[in-house]
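Asker: Handing you a structure now.
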Amino acid sequence: MMKKTNTKKNNNRRIKSVMMTIVVLLAVQPLSAESWKKLKDDRLHDPEAPALEVLQEPTEALSVLPPGGSAGNKVDWAKALRDDYIQPRAQIDKDAKLEQLDTNILFKETGDQPYVLFPHKTHTEWLECSNCHEKIFKTKAGETPVTMLGILSGEYCGVCHGAVAFPLTDCIRCHSVPIDQAGKFQ
Ligand code: HEC
Ligand code: HEC
Ligand code: HEC
């Protein structure tokens, strides 16, 4: 009987001390430092590679940029560009000037998922037209046979999304227009 109570007490004490440790860890550890893996642990880089010593750690590089949810590299890149955190080059030829276009394309072959809103604005803030026309997309709405399977296989939007832009698991960032609210975007 005695023994049982002692074990219980010990267990309670142990649980309390674990809880305290977690509380202390959460308090001292900024969230951002926890959310990016070190290069040596990311299972993409060779942990033995000498280059790891000269590469910047993601936490150091990305924690200063506007946060963008929990997917991908957790940065809101569109905001980072708008707020002047970064000044990327629109294409290899540095003298090419960037033309901006502020039109939306609404994709409606989405089954029971919300419609997909493609904003030219965000894209042409980054990318010169020839990155997409006519290699990836026709220059006429509804002419490109875009499907989700194609996207998941790295075609259409998937040339960039899931590779260099936010990942395909972020469904609602593309499927952002509820079917009954399509009127606003047409
Ligand atoms: C990068 C943008 C993007 C992301 C992210 C995305 N989709 Fe799509 N999805 C599209 C586009 C574009 C279409 C094609 C619509 C059209 O042709 O009218 C589409 C089509 C679809 C369709 C219709 C059937 C088909 O095969 O074309 C379904 C269902 C779908 N998506 C589900 C999803 C789900 C679930 C996710 C998240 C796991 C997702 N999508 C993520 C852009 C995206
Ligand atoms: C990131 C890719 C991307 C970039 C960059 C891009 N577009 Fe587009 N554009 C699209 C997509 C997607 C469509 C729709 C194609 C479809 O539905 O088949 C489209 C359609 C169009 C259309 C037809 C619209 C309509 O209503 O029929 C025009 C015009 C156009 N783009 C012009 C431009 C110009 C000019 C630029 C550069 C300033 C540009 N686009 C940059 C992806 C892009
Ligand atoms: C040539 C590369 C490229 C292609 C192709 C492309 N995107 Fe993007 N997209 C980007 C980049 C770069 C960004 C900005 C970085 C980010 O948000 O990850 C972006 C951002 C976005 C955003 C966020 C807009 C915002 O203001 O936050 C949406 C939505 C989007 N793309 C949808 C699509 C859809 C739908 C397609 C296909 C019809 C598509 N994109 C095709 C490169 C591309």
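Every chain in the structure tokens has a letter given in the order shown (A, B, ...), and although residue numbers restart at 1 in each chain, ligands are simply numbered from 1 in the order shown.
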Counting only C-alpha atoms and all ligand atoms, what residues are within 8 Å of ligand 3, given as a PDB file with N, CA and C atoms, in the first residue's frame?
Answerer:
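See selection14.pdb below for the written result:
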ATOM      1  N   VAL A  75       7.306  31.301 -45.097  1.00  0.00           N
ATOM      2  CA  VAL A  75       7.475  32.727 -45.348  1.00  0.00           C
ATOM      3  C   VAL A  75       6.351  33.182 -46.283  1.00  0.00           C
ATOM      4  N   ASP A  76       5.792  34.375 -46.050  1.00  0.00           N
ATOM      5  CA  ASP A  76       4.854  34.965 -47.001  1.00  0.00           C
ATOM      6  C   ASP A  76       5.689  35.761 -48.007  1.00  0.00           C
ATOM      7  N   TRP A  77       6.070  35.102 -49.106  1.00  0.00           N
ATOM      8  CA  TRP A  77       7.012  35.705 -50.056  1.00  0.00           C
ATOM      9  C   TRP A  77       6.408  36.882 -50.798  1.00  0.00           C
ATOM     10  N   ALA A  78       5.067  36.800 -51.058  1.00  0.00           N
ATOM     11  CA  ALA A  78       4.422  37.906 -51.772  1.00  0.00           C
ATOM     12  C   ALA A  78       4.521  39.179 -50.923  1.00  0.00           C
ATOM     13  N   LYS A  79       4.331  39.035 -49.602  1.00  0.00           N
ATOM     14  CA  LYS A  79       4.437  40.177 -48.692  1.00  0.00           C
ATOM     15  C   LYS A  79       5.904  40.630 -48.560  1.00  0.00           C
ATOM     16  N   PHE A 107     -10.311  29.912 -62.382  1.00  0.00           N
ATOM     17  CA  PHE A 107     -10.403  28.534 -62.885  1.00  0.00           C
ATOM     18  C   PHE A 107     -11.580  27.852 -62.195  1.00  0.00           C
ATOM     19  N   VAL A 116     -10.353  28.339 -58.313  1.00  0.00           N
ATOM     20  CA  VAL A 116      -8.958  28.789 -58.165  1.00  0.00           C
ATOM     21  C   VAL A 116      -8.813  30.195 -58.751  1.00  0.00           C
ATOM     22  N   LEU A 117      -8.314  31.110 -57.931  1.00  0.00           N
ATOM     23  CA  LEU A 117      -8.064  32.472 -58.411  1.00  0.00           C
ATOM     24  C   LEU A 117      -6.576  32.623 -58.708  1.00  0.00           C
ATOM     25  N   PHE A 118      -6.266  32.876 -59.977  1.00  0.00           N
ATOM     26  CA  PHE A 118      -4.867  33.131 -60.350  1.00  0.00           C
ATOM     27  C   PHE A 118      -4.676  34.642 -60.485  1.00  0.00           C
ATOM     28  N   PRO A 119      -3.883  35.267 -59.618  1.00  0.00           N
ATOM     29  CA  PRO A 119      -3.666  36.709 -59.728  1.00  0.00           C
ATOM     30  C   PRO A 119      -2.444  37.032 -60.594  1.00  0.00           C
ATOM     31  N   LYS A 121      -1.292  39.916 -60.843  1.00  0.00           N
ATOM     32  CA  LYS A 121      -0.556  40.957 -60.126  1.00  0.00           C
ATOM     33  C   LYS A 121       0.631  40.370 -59.337  1.00  0.00           C
ATOM     34  N   THR A 122       0.324  39.446 -58.431  1.00  0.00           N
ATOM     35  CA  THR A 122       1.395  38.869 -57.612  1.00  0.00           C
ATOM     36  C   THR A 122       2.479  38.258 -58.496  1.00  0.00           C
ATOM     37  N   HIS A 123       2.056  37.590 -59.548  1.00  0.00           N
ATOM     38  CA  HIS A 123       3.043  36.890 -60.373  1.00  0.00           C
ATOM     39  C   HIS A 123       3.907  37.849 -61.189  1.00  0.00           C
ATOM     40  N   TRP A 126       6.893  39.503 -59.713  1.00  0.00           N
ATOM     41  CA  TRP A 126       8.101  38.685 -59.617  1.00  0.00           C
ATOM     42  C   TRP A 126       8.658  38.328 -60.986  1.00  0.00           C
ATOM     43  N   LEU A 127       7.733  38.035 -61.892  1.00  0.00           N
ATOM     44  CA  LEU A 127       8.105  37.267 -63.072  1.00  0.00           C
ATOM     45  C   LEU A 127       7.747  37.987 -64.352  1.00  0.00           C
ATOM     46  N   ASN A 131       8.088  33.905 -68.636  1.00  0.00           N
ATOM     47  CA  ASN A 131       8.245  32.767 -67.734  1.00  0.00           C
ATOM     48  C   ASN A 131       7.056  31.813 -67.870  1.00  0.00           C
ATOM     49  N   CYS A 132       5.893  32.365 -68.257  1.00  0.00           N
ATOM     50  CA  CYS A 132       4.686  31.536 -68.369  1.00  0.00           C
ATOM     51  C   CYS A 132       4.120  31.444 -69.784  1.00  0.00           C
ATOM     52  N   ILE A 136       4.156  27.691 -70.629  1.00  0.00           N
ATOM     53  CA  ILE A 136       3.354  26.962 -69.648  1.00  0.00           C
ATOM     54  C   ILE A 136       1.864  27.209 -69.880  1.00  0.00           C
ATOM     55  N   VAL A 146      -5.462  22.758 -67.922  1.00  0.00           N
ATOM     56  CA  VAL A 146      -4.887  22.591 -66.574  1.00  0.00           C
ATOM     57  C   VAL A 146      -5.680  21.560 -65.774  1.00  0.00           C
ATOM     58  N   TYR A 156       2.043  23.017 -65.419  1.00  0.00           N
ATOM     59  CA  TYR A 156       1.187  24.190 -65.147  1.00  0.00           C
ATOM     60  C   TYR A 156       1.667  24.905 -63.874  1.00  0.00           C
ATOM     61  N   CYS A 157       0.729  25.162 -62.940  1.00  0.00           N
ATOM     62  CA  CYS A 157       1.112  25.846 -61.695  1.00  0.00           C
ATOM     63  C   CYS A 157       2.225  25.082 -60.965  1.00  0.00           C
ATOM     64  N   GLY A 158       2.244  23.765 -61.154  1.00  0.00           N
ATOM     65  CA  GLY A 158       3.209  22.912 -60.459  1.00  0.00           C
ATOM     66  C   GLY A 158       4.644  23.049 -60.956  1.00  0.00           C
ATOM     67  N   VAL A 159       4.850  23.810 -62.056  1.00  0.00           N
ATOM     68  CA  VAL A 159       6.230  24.091 -62.479  1.00  0.00           C
ATOM     69  C   VAL A 159       6.916  24.862 -61.348  1.00  0.00           C
ATOM     70  N   CYS A 160       6.165  25.737 -60.690  1.00  0.00           N
ATOM     71  CA  CYS A 160       6.750  26.560 -59.621  1.00  0.00           C
ATOM     72  C   CYS A 160       6.228  26.182 -58.234  1.00  0.00           C
ATOM     73  N   HIS A 161       4.906  25.966 -58.126  1.00  0.00           N
ATOM     74  CA  HIS A 161       4.345  25.684 -56.799  1.00  0.00           C
ATOM     75  C   HIS A 161       4.701  24.267 -56.384  1.00  0.00           C
ATOM     76  N   VAL A 164       9.487  26.110 -56.229  1.00  0.00           N
ATOM     77  CA  VAL A 164      10.075  27.360 -55.737  1.00  0.00           C
ATOM     78  C   VAL A 164       9.049  28.304 -55.117  1.00  0.00           C
ATOM     79  N   ALA A 165       7.756  28.019 -55.274  1.00  0.00           N
ATOM     80  CA  ALA A 165       6.726  28.853 -54.643  1.00  0.00           C
ATOM     81  C   ALA A 165       5.931  27.961 -53.680  1.00  0.00           C
ATOM     82  N   PHE A 166       4.976  28.548 -52.963  1.00  0.00           N
ATOM     83  CA  PHE A 166       4.354  27.802 -51.851  1.00  0.00           C
ATOM     84  C   PHE A 166       3.842  26.428 -52.307  1.00  0.00           C
ATOM     85  N   PRO A 167       3.853  25.468 -51.397  1.00  0.00           N
ATOM     86  CA  PRO A 167       3.624  24.072 -51.778  1.00  0.00           C
ATOM     87  C   PRO A 167       2.172  23.728 -52.102  1.00  0.00           C
ATOM     88  N   ARG A 173      -4.839  28.333 -50.633  1.00  0.00           N
ATOM     89  CA  ARG A 173      -4.227  29.549 -51.183  1.00  0.00           C
ATOM     90  C   ARG A 173      -4.536  29.666 -52.669  1.00  0.00           C
ATOM     91  N   CYS A 174      -4.696  28.536 -53.368  1.00  0.00           N
ATOM     92  CA  CYS A 174      -5.128  28.571 -54.773  1.00  0.00           C
ATOM     93  C   CYS A 174      -6.647  28.445 -54.863  1.00  0.00           C
ATOM     94  N   HIS A 175      -7.192  27.449 -54.159  1.00  0.00           N
ATOM     95  CA  HIS A 175      -8.649  27.233 -54.190  1.00  0.00           C
ATOM     96  C   HIS A 175      -9.278  28.195 -53.186  1.00  0.00           C
ATOM     97  N   SER A 176      -9.275  29.478 -53.532  1.00  0.00           N
ATOM     98  CA  SER A 176      -9.603  30.503 -52.537  1.00  0.00           C
ATOM     99  C   SER A 176     -10.990  31.119 -52.719  1.00  0.00           C
TER     100      SER A 176
END
Asker: Go through the chains and note each residue within 7 Å of ligand 2, using only C-alpha atoms and all ligand atoms, then give the set as a list in words.
Answerer: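 Using only C-alpha atoms and all ligand atoms, I find these residues within 7 Å of ligand 2: Glu99, Gln100, Leu101, Ile105, Phe118, His120, His123, Thr124, Leu127, Glu128, Cys129, Ser130, Asn131, Cys132, His133, Phe137, Lys138, Thr139, Lys140, Ala141, Gly142, Glu143, Thr144 and Pro145 of chain A.
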Asker: In range 20-141 of chain A, what's alpha helix (DSSP H) per DSSP? Answer as a PDB file with C-alpha atoms, in the first residue's frame?
Answerer:
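Now in selection_5.pdb:
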ATOM      1  CA  MET A  20       7.928  22.592 -16.026  1.00  0.00           C
ATOM      2  CA  THR A  21      10.705  21.806 -18.481  1.00  0.00           C
ATOM      3  CA  ILE A  22       8.282  22.152 -21.393  1.00  0.00           C
ATOM      4  CA  VAL A  23       6.975  25.473 -20.037  1.00  0.00           C
ATOM      5  CA  VAL A  24      10.520  26.783 -19.580  1.00  0.00           C
ATOM      6  CA  LEU A  25      11.563  25.590 -23.048  1.00  0.00           C
ATOM      7  CA  LEU A  26       8.542  27.255 -24.654  1.00  0.00           C
ATOM      8  CA  ALA A  27       9.282  30.468 -22.789  1.00  0.00           C
ATOM      9  CA  VAL A  28      12.957  30.753 -23.738  1.00  0.00           C
ATOM     10  CA  LEU A  31       8.844  29.930 -32.004  1.00  0.00           C
ATOM     11  CA  SER A  32      10.712  30.674 -35.191  1.00  0.00           C
ATOM     12  CA  ALA A  33      13.866  28.951 -34.001  1.00  0.00           C
ATOM     13  CA  GLU A  34      11.872  25.763 -33.567  1.00  0.00           C
ATOM     14  CA  SER A  35      10.114  25.815 -36.901  1.00  0.00           C
ATOM     15  CA  PRO A  58      17.284  28.663 -42.584  1.00  0.00           C
ATOM     16  CA  THR A  59      16.415  30.034 -39.122  1.00  0.00           C
ATOM     17  CA  GLU A  60      18.866  32.877 -39.576  1.00  0.00           C
ATOM     18  CA  ALA A  61      17.783  33.638 -43.147  1.00  0.00           C
ATOM     19  CA  LEU A  62      14.014  33.129 -42.916  1.00  0.00           C
ATOM     20  CA  TRP A  77       7.012  35.705 -50.056  1.00  0.00           C
ATOM     21  CA  ALA A  78       4.422  37.906 -51.772  1.00  0.00           C
ATOM     22  CA  LYS A  79       4.437  40.177 -48.692  1.00  0.00           C
ATOM     23  CA  ALA A  80       8.225  39.999 -48.418  1.00  0.00           C
ATOM     24  CA  LEU A  81       8.428  41.392 -51.951  1.00  0.00           C
ATOM     25  CA  ARG A  82       5.755  44.074 -51.454  1.00  0.00           C
ATOM     26  CA  HIS A 120      -1.505  38.153 -62.526  1.00  0.00           C
ATOM     27  CA  LYS A 121      -0.556  40.957 -60.126  1.00  0.00           C
ATOM     28  CA  THR A 122       1.395  38.869 -57.612  1.00  0.00           C
ATOM     29  CA  HIS A 123       3.043  36.890 -60.373  1.00  0.00           C
ATOM     30  CA  THR A 124       4.083  39.827 -62.543  1.00  0.00           C
ATOM     31  CA  GLU A 125       5.602  41.538 -59.501  1.00  0.00           C
ATOM     32  CA  TRP A 126       8.101  38.685 -59.617  1.00  0.00           C
TER      33      TRP A 126
END
Asker: Taking the DSSP assignment computed from this structure's backbone, write out as a list in words all residues of range 73-166 of chain A that belong to strand (DSSP E).
Answerer: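 Strand (DSSP E) members of range 73-166 of chain A, listed: Asn104, Ile105, Leu106, Phe107, Val116, Leu117, Phe118 and Pro119 of chain A.
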Asker: As an exercise, work out the distance from atom 41 (C, counted along the ligand's line) of ligand 1 to CA of Asp170 in chain A in Å and give it to one decimal place.
Answerer: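 These two atoms are separated by 6.2 Å.
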Asker: So what do you get for CA of Gly69 in chain A versus atom 4 (C, counted along the ligand's line) of ligand 1, distance-wise?
Answerer: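 Separating CA of Gly69 in chain A from atom 4 (C, counted along the ligand's line) of ligand 1 is a distance of 15.2 Å.
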Asker: Return the single residue from A:Ile86, A:Asp41, A:Trp36, A:Ile179 that is closest to Ser63 in chain A, with distances computed using only C-alpha atoms.
Answerer: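 Nearest to Ser63 in chain A: A:Trp36.
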